[in-house]
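Reviewing the structure listed below.
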Amino acid sequence: MNIVRTLSRSLCFTALLLSSVCSFAQDDHFYLGADISGTTALEARGDKLYNAKGELRENTALMHELGLDAIRLRVWVNPEGGFCSPADVLDMAKRAKYYGMALMIDFHYSDWWADPGHSPMPALWQYYSLGEVEHALALHTEQTLYLLKDNNIDVRWVQVGNETTHGFVWPMAKAEDDMDAYARLTKAGYEAVKRVFPQAQVIIHLDAACDPVRYDFIFDALRRRGVRWDLIGLSLYPYWDQRAGLTASDQESIDKAVANMRRLADKYGTDVMVVETGVLVERAKEQKKLMADIIEAARDKTGGHCHGVFYWAPELEDGSYKLGAFKNGRPTEIMEAFTEAARSK
């Protein structure tokens with residue numbers, strides 16, 4: 001990194017943070033998106049995707065054709081095989097840019113999956129002190145985002161962690177065990193994002209949108225510790241809510257999620273976004289209505305506080321995952337809910 005650039009970034013950092021507060025002119029656009037982070041892995045396996053007419057399509061092109069205007073991509077630190085590495089994410093981000101789609105980057109801060117059930121520390125960080133992990137996390141965030149920026153790719157949103165209901169970078173920053181460490185690392189991630197993309201909106205993302213208790217636990221604790229964020233990200237999966245005993249029906253999941261989104265916006269003064277959702281692909285015809293109901297509720301029933309809905313891995317067909325939206329490499333009726341929502345904007 002050249003010394004002029006380094007000094008310039010350091011001198012401008014405070015100004016950028018201050019200016020970013022004013023840069024969030026309210027974006028009233030409601031985004032329809034998908035997390036298609038598995039695109040290059042799918043291609044490496046030789047899998048093919050087609051539109052409803054049977055015409056061969058690349059995944060990003062197909063999402064655009066279906067009416068989506070945003071893409072979410074996860075980042076792993078040092079993944080086996082290189083999929084979802086920063087370089088791999090750059091490849092997929094270039095495709096999103098080509099189609100004019102807004103980009104969300106989702107840092108897992110792990111070499112593999114991170115979610116409420118497991119969030120393993122990257123192997124390279126396992127013997128680091130908290131201060132060393134803080135530095136490594138910020139460096140990983142900056143380097144990944146600069147890779148995108150240096151390739152003329154804009155980033156609209158950045159997740160500092162994925163479904164961090166129980167913290168991340170376990171065992172060091174598990175929320176129930178060391179909230180101070182979790183807050184410190186989240187703050188490091190936020191500041192790293194702003195050094196590169198001061199106008200990007202930083203998202204802190206939890207699961208189970210229907211459950212206000214977990215949101216209060218995390219966001220109250222972070223607020224007490226001076227952590228900042230720009231949007232609250234939520235996962236809204238009626239199927240998983242019912243499996244966990246949090247709700248008794250699809251409609252209850254939606255109703256409770258909407259109430260929670262309105263409450264969060266009022267309590268914390270920040271807007272929200274459904275950054276993950278999905279419905280049962282085996283019942284695609286009837287589940288199209290559920291997907292349409294989720295989009296409508298997020299768009300029209302949250303007082304304007306929700307700014308988008310992202311389907312998680314619609315193209316995924318691995319036999320064990322039930323909440324994709326494709327069959328035989330083609331979009332099912334579920335994706336029509338997005339197409340119809342796009343037409344009604």
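Following the order of the structure tokens, chains are lettered A, B, ..., residues in each are numbered from 1, and ligands are numbered from 1.
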
Backbone DSSP call of helix (DSSP H, G or I) for range 137-282 of chain A, listed as a PyMOL selection string: chain A and resi 137-149+179-196+212-224+238-243+250-268+281-282

Given the selection you just returned, output its residues as a file containing C-alpha atoms, formatted as an mmCIF file, in the first residue's frame.
data_model
loop_
_atom_site.group_PDB
_atom_site.id
_atom_site.type_symbol
_atom_site.label_atom_id
_atom_site.label_comp_id
_atom_site.auth_asym_id
_atom_site.auth_seq_id
_atom_site.Cartn_x
_atom_site.Cartn_y
_atom_site.Cartn_z
ATOM 1 C CA LEU A 137 -10.801 -8.497 11.316
ATOM 2 C CA ALA A 138 -10.445 -4.832 10.355
ATOM 3 C CA LEU A 139 -7.686 -5.646 7.859
ATOM 4 C CA HIS A 140 -9.720 -8.451 6.254
ATOM 5 C CA THR A 141 -12.703 -6.110 5.973
ATOM 6 C CA GLU A 142 -10.675 -3.265 4.473
ATOM 7 C CA GLN A 143 -8.709 -5.413 2.048
ATOM 8 C CA THR A 144 -11.840 -7.111 0.731
ATOM 9 C CA LEU A 145 -13.685 -3.842 0.267
ATOM 10 C CA TYR A 146 -10.663 -2.125 -1.316
ATOM 11 C CA LEU A 147 -10.425 -5.040 -3.753
ATOM 12 C CA LEU A 148 -13.964 -4.209 -4.849
ATOM 13 C CA LYS A 149 -13.454 -0.449 -4.812
ATOM 14 C CA MET A 179 -20.293 -9.173 25.097
ATOM 15 C CA ASP A 180 -17.446 -6.692 25.439
ATOM 16 C CA ALA A 181 -15.349 -8.652 22.931
ATOM 17 C CA TYR A 182 -18.278 -9.007 20.536
ATOM 18 C CA ALA A 183 -18.951 -5.275 20.723
ATOM 19 C CA ARG A 184 -15.289 -4.422 20.254
ATOM 20 C CA LEU A 185 -14.969 -6.570 17.127
ATOM 21 C CA THR A 186 -18.259 -5.290 15.709
ATOM 22 C CA LYS A 187 -17.054 -1.729 16.208
ATOM 23 C CA ALA A 188 -13.788 -2.592 14.434
ATOM 24 C CA GLY A 189 -15.749 -3.958 11.496
ATOM 25 C CA TYR A 190 -17.999 -0.890 11.323
ATOM 26 C CA GLU A 191 -15.057 1.499 11.320
ATOM 27 C CA ALA A 192 -13.209 -0.541 8.690
ATOM 28 C CA VAL A 193 -16.220 -0.370 6.361
ATOM 29 C CA LYS A 194 -16.460 3.406 6.743
ATOM 30 C CA ARG A 195 -12.785 3.864 5.920
ATOM 31 C CA VAL A 196 -13.375 2.316 2.507
ATOM 32 C CA PRO A 212 -38.023 -9.301 19.784
ATOM 33 C CA VAL A 213 -36.214 -10.724 22.823
ATOM 34 C CA ARG A 214 -33.044 -11.675 20.951
ATOM 35 C CA TYR A 215 -32.965 -8.318 19.174
ATOM 36 C CA ASP A 216 -33.233 -6.384 22.437
ATOM 37 C CA PHE A 217 -30.525 -8.539 24.026
ATOM 38 C CA ILE A 218 -28.007 -7.802 21.276
ATOM 39 C CA PHE A 219 -28.855 -4.239 20.323
ATOM 40 C CA ASP A 220 -29.298 -2.970 23.883
ATOM 41 C CA ALA A 221 -25.894 -4.406 24.764
ATOM 42 C CA LEU A 222 -24.217 -2.965 21.670
ATOM 43 C CA ARG A 223 -25.783 0.443 22.175
ATOM 44 C CA ARG A 224 -24.573 0.570 25.794
ATOM 45 C CA PRO A 238 -41.686 -18.969 8.788
ATOM 46 C CA TYR A 239 -40.639 -22.623 8.396
ATOM 47 C CA TRP A 240 -37.770 -22.316 10.878
ATOM 48 C CA ASP A 241 -39.842 -20.183 13.272
ATOM 49 C CA GLN A 242 -42.390 -22.964 13.536
ATOM 50 C CA ARG A 243 -39.736 -25.655 13.858
ATOM 51 C CA ASP A 250 -46.819 -18.717 8.605
ATOM 52 C CA GLN A 251 -49.071 -15.729 9.193
ATOM 53 C CA GLU A 252 -48.014 -15.456 12.831
ATOM 54 C CA SER A 253 -44.370 -15.348 11.714
ATOM 55 C CA ILE A 254 -45.117 -12.507 9.318
ATOM 56 C CA ASP A 255 -47.254 -10.568 11.787
ATOM 57 C CA LYS A 256 -44.694 -10.826 14.580
ATOM 58 C CA ALA A 257 -41.841 -9.936 12.228
ATOM 59 C CA VAL A 258 -43.670 -6.828 11.034
ATOM 60 C CA ALA A 259 -44.422 -5.751 14.599
ATOM 61 C CA ASN A 260 -40.785 -6.298 15.540
ATOM 62 C CA MET A 261 -39.485 -4.324 12.541
ATOM 63 C CA ARG A 262 -41.689 -1.352 13.396
ATOM 64 C CA ARG A 263 -40.648 -1.591 17.043
ATOM 65 C CA LEU A 264 -36.926 -1.782 16.218
ATOM 66 C CA ALA A 265 -37.109 1.269 13.976
ATOM 67 C CA ASP A 266 -38.849 3.214 16.721
ATOM 68 C CA LYS A 267 -36.629 2.024 19.569
ATOM 69 C CA TYR A 268 -33.221 2.352 17.910
ATOM 70 C CA VAL A 281 -39.867 -25.372 -2.519
ATOM 71 C CA GLU A 282 -41.789 -28.670 -2.476
#

For Ser110 in chain A: contacts at 9 Å, only C-alpha atoms, fewer than 6 positions along chain excluded, given as JSON, numbers by chain: {"A": [75, 76, 77, 78, 79, 119, 120, 121, 122, 123, 168, 169]}

Print the selection's residues with N, CA and C atoms to a file, as a PDB file, in the first residue's frame.
ATOM      1  N   VAL A  75     -18.639 -13.462   2.357  1.00  0.00           N
ATOM      2  CA  VAL A  75     -17.179 -13.508   2.282  1.00  0.00           C
ATOM      3  C   VAL A  75     -16.661 -14.388   3.407  1.00  0.00           C
ATOM      4  N   TRP A  76     -15.841 -15.368   3.043  1.00  0.00           N
ATOM      5  CA  TRP A  76     -15.120 -16.173   4.019  1.00  0.00           C
ATOM      6  C   TRP A  76     -13.642 -15.784   3.990  1.00  0.00           C
ATOM      7  N   VAL A  77     -12.946 -16.005   5.091  1.00  0.00           N
ATOM      8  CA  VAL A  77     -11.573 -15.511   5.223  1.00  0.00           C
ATOM      9  C   VAL A  77     -10.602 -16.325   4.372  1.00  0.00           C
ATOM     10  N   ASN A  78     -10.547 -17.623   4.596  1.00  0.00           N
ATOM     11  CA  ASN A  78      -9.607 -18.469   3.862  1.00  0.00           C
ATOM     12  C   ASN A  78     -10.270 -19.818   3.578  1.00  0.00           C
ATOM     13  N   PRO A  79     -11.290 -19.816   2.718  1.00  0.00           N
ATOM     14  CA  PRO A  79     -12.090 -21.024   2.513  1.00  0.00           C
ATOM     15  C   PRO A  79     -11.386 -22.080   1.685  1.00  0.00           C
ATOM     16  N   SER A 119     -20.012 -20.472  14.738  1.00  0.00           N
ATOM     17  CA  SER A 119     -19.311 -19.317  14.180  1.00  0.00           C
ATOM     18  C   SER A 119     -17.826 -19.452  14.479  1.00  0.00           C
ATOM     19  N   PRO A 120     -17.175 -20.445  13.870  1.00  0.00           N
ATOM     20  CA  PRO A 120     -15.784 -20.747  14.214  1.00  0.00           C
ATOM     21  C   PRO A 120     -14.806 -19.671  13.761  1.00  0.00           C
ATOM     22  N   MET A 121     -13.852 -19.401  14.601  1.00  0.00           N
ATOM     23  CA  MET A 121     -12.806 -18.437  14.283  1.00  0.00           C
ATOM     24  C   MET A 121     -11.982 -18.924  13.093  1.00  0.00           C
ATOM     25  N   PRO A 122     -11.587 -18.030  12.190  1.00  0.00           N
ATOM     26  CA  PRO A 122     -10.693 -18.447  11.101  1.00  0.00           C
ATOM     27  C   PRO A 122      -9.431 -19.106  11.643  1.00  0.00           C
ATOM     28  N   ALA A 123      -8.962 -20.126  10.954  1.00  0.00           N
ATOM     29  CA  ALA A 123      -7.807 -20.879  11.437  1.00  0.00           C
ATOM     30  C   ALA A 123      -6.588 -19.995  11.665  1.00  0.00           C
ATOM     31  N   PHE A 168     -19.932 -13.704  17.309  1.00  0.00           N
ATOM     32  CA  PHE A 168     -19.208 -14.341  16.215  1.00  0.00           C
ATOM     33  C   PHE A 168     -17.771 -14.589  16.660  1.00  0.00           C
ATOM     34  N   VAL A 169     -16.949 -15.117  15.757  1.00  0.00           N
ATOM     35  CA  VAL A 169     -15.545 -15.425  16.045  1.00  0.00           C
ATOM     36  C   VAL A 169     -15.452 -16.191  17.371  1.00  0.00           C
TER      37      VAL A 169
END

Best match for closeness to Asn162 in chain A among A:Ala114, A:Ile295, A:Ile334, A:Leu42, counting only C-alpha atoms: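 Checking each candidate against Asn162 in chain A, we get A:Ala114 as the closest.
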
Selected residue, from A:Ala297, A:Ile153, A:Val279, A:Met291, that lies nearest to Ala102 in chain A when counting only C-alpha atoms: A:Ile153

Filtered DSSP result for range 89-178 of chain A, state strand (DSSP E or B), as a VMD selection string: chain A and resid 102 to 107 115 118 120 157 to 160 165 167 to 168 170 173 to 174

Could you turn the residues from that selection into a file that holds all heavy atoms, as a compact mmCIF listing (two decimals), in the first residue's frame?
# COMPACT_ATOMS: atom_id res chain seq x y z
N ALA A 102 -27.68 -3.50 -7.16
CA ALA A 102 -27.07 -3.04 -5.92
C ALA A 102 -26.42 -4.22 -5.20
O ALA A 102 -26.90 -5.36 -5.29
CB ALA A 102 -28.11 -2.38 -5.02
N LEU A 103 -25.33 -3.96 -4.47
CA LEU A 103 -24.52 -5.03 -3.90
C LEU A 103 -24.47 -4.96 -2.38
O LEU A 103 -24.20 -3.90 -1.80
CB LEU A 103 -23.10 -4.96 -4.45
CG LEU A 103 -22.11 -6.02 -3.97
CD1 LEU A 103 -22.57 -7.43 -4.38
CD2 LEU A 103 -20.72 -5.73 -4.52
N MET A 104 -24.73 -6.10 -1.74
CA MET A 104 -24.56 -6.27 -0.31
C MET A 104 -23.44 -7.28 -0.05
O MET A 104 -23.43 -8.36 -0.65
CB MET A 104 -25.84 -6.78 0.36
CG MET A 104 -25.72 -6.99 1.87
SD MET A 104 -27.21 -7.73 2.61
CE MET A 104 -28.44 -6.48 2.25
N ILE A 105 -22.48 -6.91 0.79
CA ILE A 105 -21.39 -7.81 1.17
C ILE A 105 -21.63 -8.29 2.59
O ILE A 105 -21.86 -7.49 3.52
CB ILE A 105 -20.03 -7.11 1.06
CG1 ILE A 105 -19.75 -6.73 -0.40
CG2 ILE A 105 -18.91 -7.99 1.61
CD1 ILE A 105 -19.63 -7.90 -1.35
N ASP A 106 -21.55 -9.60 2.78
CA ASP A 106 -21.87 -10.24 4.06
C ASP A 106 -20.63 -10.93 4.60
O ASP A 106 -20.28 -12.04 4.20
CB ASP A 106 -23.00 -11.25 3.82
CG ASP A 106 -23.34 -12.09 5.05
OD1 ASP A 106 -22.97 -11.69 6.17
OD2 ASP A 106 -23.99 -13.14 4.87
N PHE A 107 -19.94 -10.26 5.54
CA PHE A 107 -18.74 -10.84 6.15
C PHE A 107 -19.13 -11.85 7.22
O PHE A 107 -19.80 -11.51 8.20
CB PHE A 107 -17.88 -9.74 6.78
CG PHE A 107 -17.11 -8.91 5.78
CD1 PHE A 107 -17.58 -7.66 5.40
CD2 PHE A 107 -15.93 -9.38 5.23
CE1 PHE A 107 -16.88 -6.88 4.48
CE2 PHE A 107 -15.22 -8.61 4.30
CZ PHE A 107 -15.69 -7.36 3.93
N ASP A 115 -23.29 -18.80 11.59
CA ASP A 115 -24.70 -18.51 11.85
C ASP A 115 -24.93 -18.71 13.34
O ASP A 115 -23.96 -18.94 14.08
CB ASP A 115 -25.60 -19.41 10.99
CG ASP A 115 -25.36 -20.91 11.19
OD1 ASP A 115 -25.09 -21.32 12.34
OD2 ASP A 115 -25.46 -21.68 10.21
N HIS A 118 -23.18 -21.95 14.84
CA HIS A 118 -21.74 -22.13 14.83
C HIS A 118 -21.08 -20.95 14.14
O HIS A 118 -21.56 -20.49 13.11
CB HIS A 118 -21.33 -23.45 14.16
CG HIS A 118 -21.83 -23.62 12.76
ND1 HIS A 118 -23.17 -23.80 12.46
CD2 HIS A 118 -21.19 -23.61 11.58
CE1 HIS A 118 -23.31 -23.92 11.15
NE2 HIS A 118 -22.13 -23.80 10.58
N PRO A 120 -17.17 -20.45 13.87
CA PRO A 120 -15.78 -20.75 14.21
C PRO A 120 -14.81 -19.67 13.76
O PRO A 120 -14.93 -19.13 12.67
CB PRO A 120 -15.52 -22.07 13.49
CG PRO A 120 -16.49 -22.07 12.34
CD PRO A 120 -17.70 -21.36 12.84
N TRP A 157 -24.39 -1.92 0.86
CA TRP A 157 -24.57 -2.39 2.24
C TRP A 157 -23.45 -3.36 2.59
O TRP A 157 -22.99 -4.12 1.75
CB TRP A 157 -25.89 -3.15 2.41
CG TRP A 157 -27.10 -2.48 1.85
CD1 TRP A 157 -27.87 -1.49 2.41
CD2 TRP A 157 -27.75 -2.80 0.59
NE1 TRP A 157 -28.92 -1.17 1.59
CE2 TRP A 157 -28.88 -1.94 0.48
CE3 TRP A 157 -27.47 -3.70 -0.43
CZ2 TRP A 157 -29.73 -1.98 -0.63
CZ3 TRP A 157 -28.32 -3.73 -1.54
CH2 TRP A 157 -29.43 -2.88 -1.63
N VAL A 158 -23.07 -3.38 3.88
CA VAL A 158 -22.08 -4.33 4.37
C VAL A 158 -22.55 -4.91 5.69
O VAL A 158 -22.85 -4.16 6.64
CB VAL A 158 -20.69 -3.68 4.57
CG1 VAL A 158 -19.70 -4.72 5.10
CG2 VAL A 158 -20.19 -3.06 3.27
N GLN A 159 -22.64 -6.22 5.75
CA GLN A 159 -22.94 -6.89 7.01
C GLN A 159 -21.66 -7.15 7.79
O GLN A 159 -20.74 -7.80 7.28
CB GLN A 159 -23.63 -8.23 6.75
CG GLN A 159 -25.09 -8.11 6.40
CD GLN A 159 -25.76 -9.46 6.39
OE1 GLN A 159 -26.60 -9.71 5.53
NE2 GLN A 159 -25.42 -10.34 7.33
N VAL A 160 -21.62 -6.68 9.02
CA VAL A 160 -20.51 -6.99 9.92
C VAL A 160 -20.94 -8.21 10.73
O VAL A 160 -21.47 -8.12 11.83
CB VAL A 160 -20.17 -5.79 10.81
CG1 VAL A 160 -19.09 -6.15 11.81
CG2 VAL A 160 -19.71 -4.61 9.95
N THR A 165 -26.62 -13.48 16.32
CA THR A 165 -27.49 -13.57 17.49
C THR A 165 -26.72 -13.97 18.74
O THR A 165 -27.06 -13.55 19.86
CB THR A 165 -28.61 -14.59 17.22
OG1 THR A 165 -29.25 -14.26 15.97
CG2 THR A 165 -29.64 -14.59 18.33
N GLY A 167 -23.24 -13.60 18.81
CA GLY A 167 -21.91 -13.09 18.55
C GLY A 167 -21.28 -13.80 17.37
O GLY A 167 -21.94 -14.43 16.55
N PHE A 168 -19.93 -13.70 17.31
CA PHE A 168 -19.21 -14.34 16.21
C PHE A 168 -17.77 -14.59 16.66
O PHE A 168 -17.42 -14.36 17.81
CB PHE A 168 -19.28 -13.52 14.92
CG PHE A 168 -18.83 -12.07 15.00
CD1 PHE A 168 -18.24 -11.54 16.13
CD2 PHE A 168 -19.00 -11.23 13.91
CE1 PHE A 168 -17.82 -10.21 16.19
CE2 PHE A 168 -18.60 -9.90 13.95
CZ PHE A 168 -18.00 -9.40 15.09
N TRP A 170 -16.17 -17.32 17.43
CA TRP A 170 -16.17 -18.14 18.65
C TRP A 170 -14.84 -18.84 18.83
O TRP A 170 -14.17 -19.17 17.86
CB TRP A 170 -17.26 -19.20 18.55
CG TRP A 170 -18.65 -18.68 18.56
CD1 TRP A 170 -19.09 -17.39 18.72
CD2 TRP A 170 -19.84 -19.46 18.39
NE1 TRP A 170 -20.45 -17.31 18.65
CE2 TRP A 170 -20.94 -18.57 18.45
CE3 TRP A 170 -20.09 -20.82 18.19
CZ2 TRP A 170 -22.26 -19.02 18.32
CZ3 TRP A 170 -21.40 -21.25 18.06
CH2 TRP A 170 -22.47 -20.36 18.13
N ALA A 173 -15.58 -14.19 20.92
CA ALA A 173 -16.59 -13.13 20.96
C ALA A 173 -18.00 -13.70 20.93
O ALA A 173 -18.89 -13.17 20.26
CB ALA A 173 -16.38 -12.15 19.81
N LYS A 174 -18.22 -14.78 21.69
CA LYS A 174 -19.57 -15.29 21.84
C LYS A 174 -20.33 -14.33 22.76
O LYS A 174 -19.87 -14.01 23.86
CB LYS A 174 -19.55 -16.70 22.43
CG LYS A 174 -20.88 -17.41 22.32
CD LYS A 174 -20.76 -18.90 22.55
CE LYS A 174 -22.07 -19.59 22.24
NZ LYS A 174 -21.98 -21.07 22.37

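The space between CA of Val274 in chain A and CA of Gly308 in chain A spans 6.0 Å.
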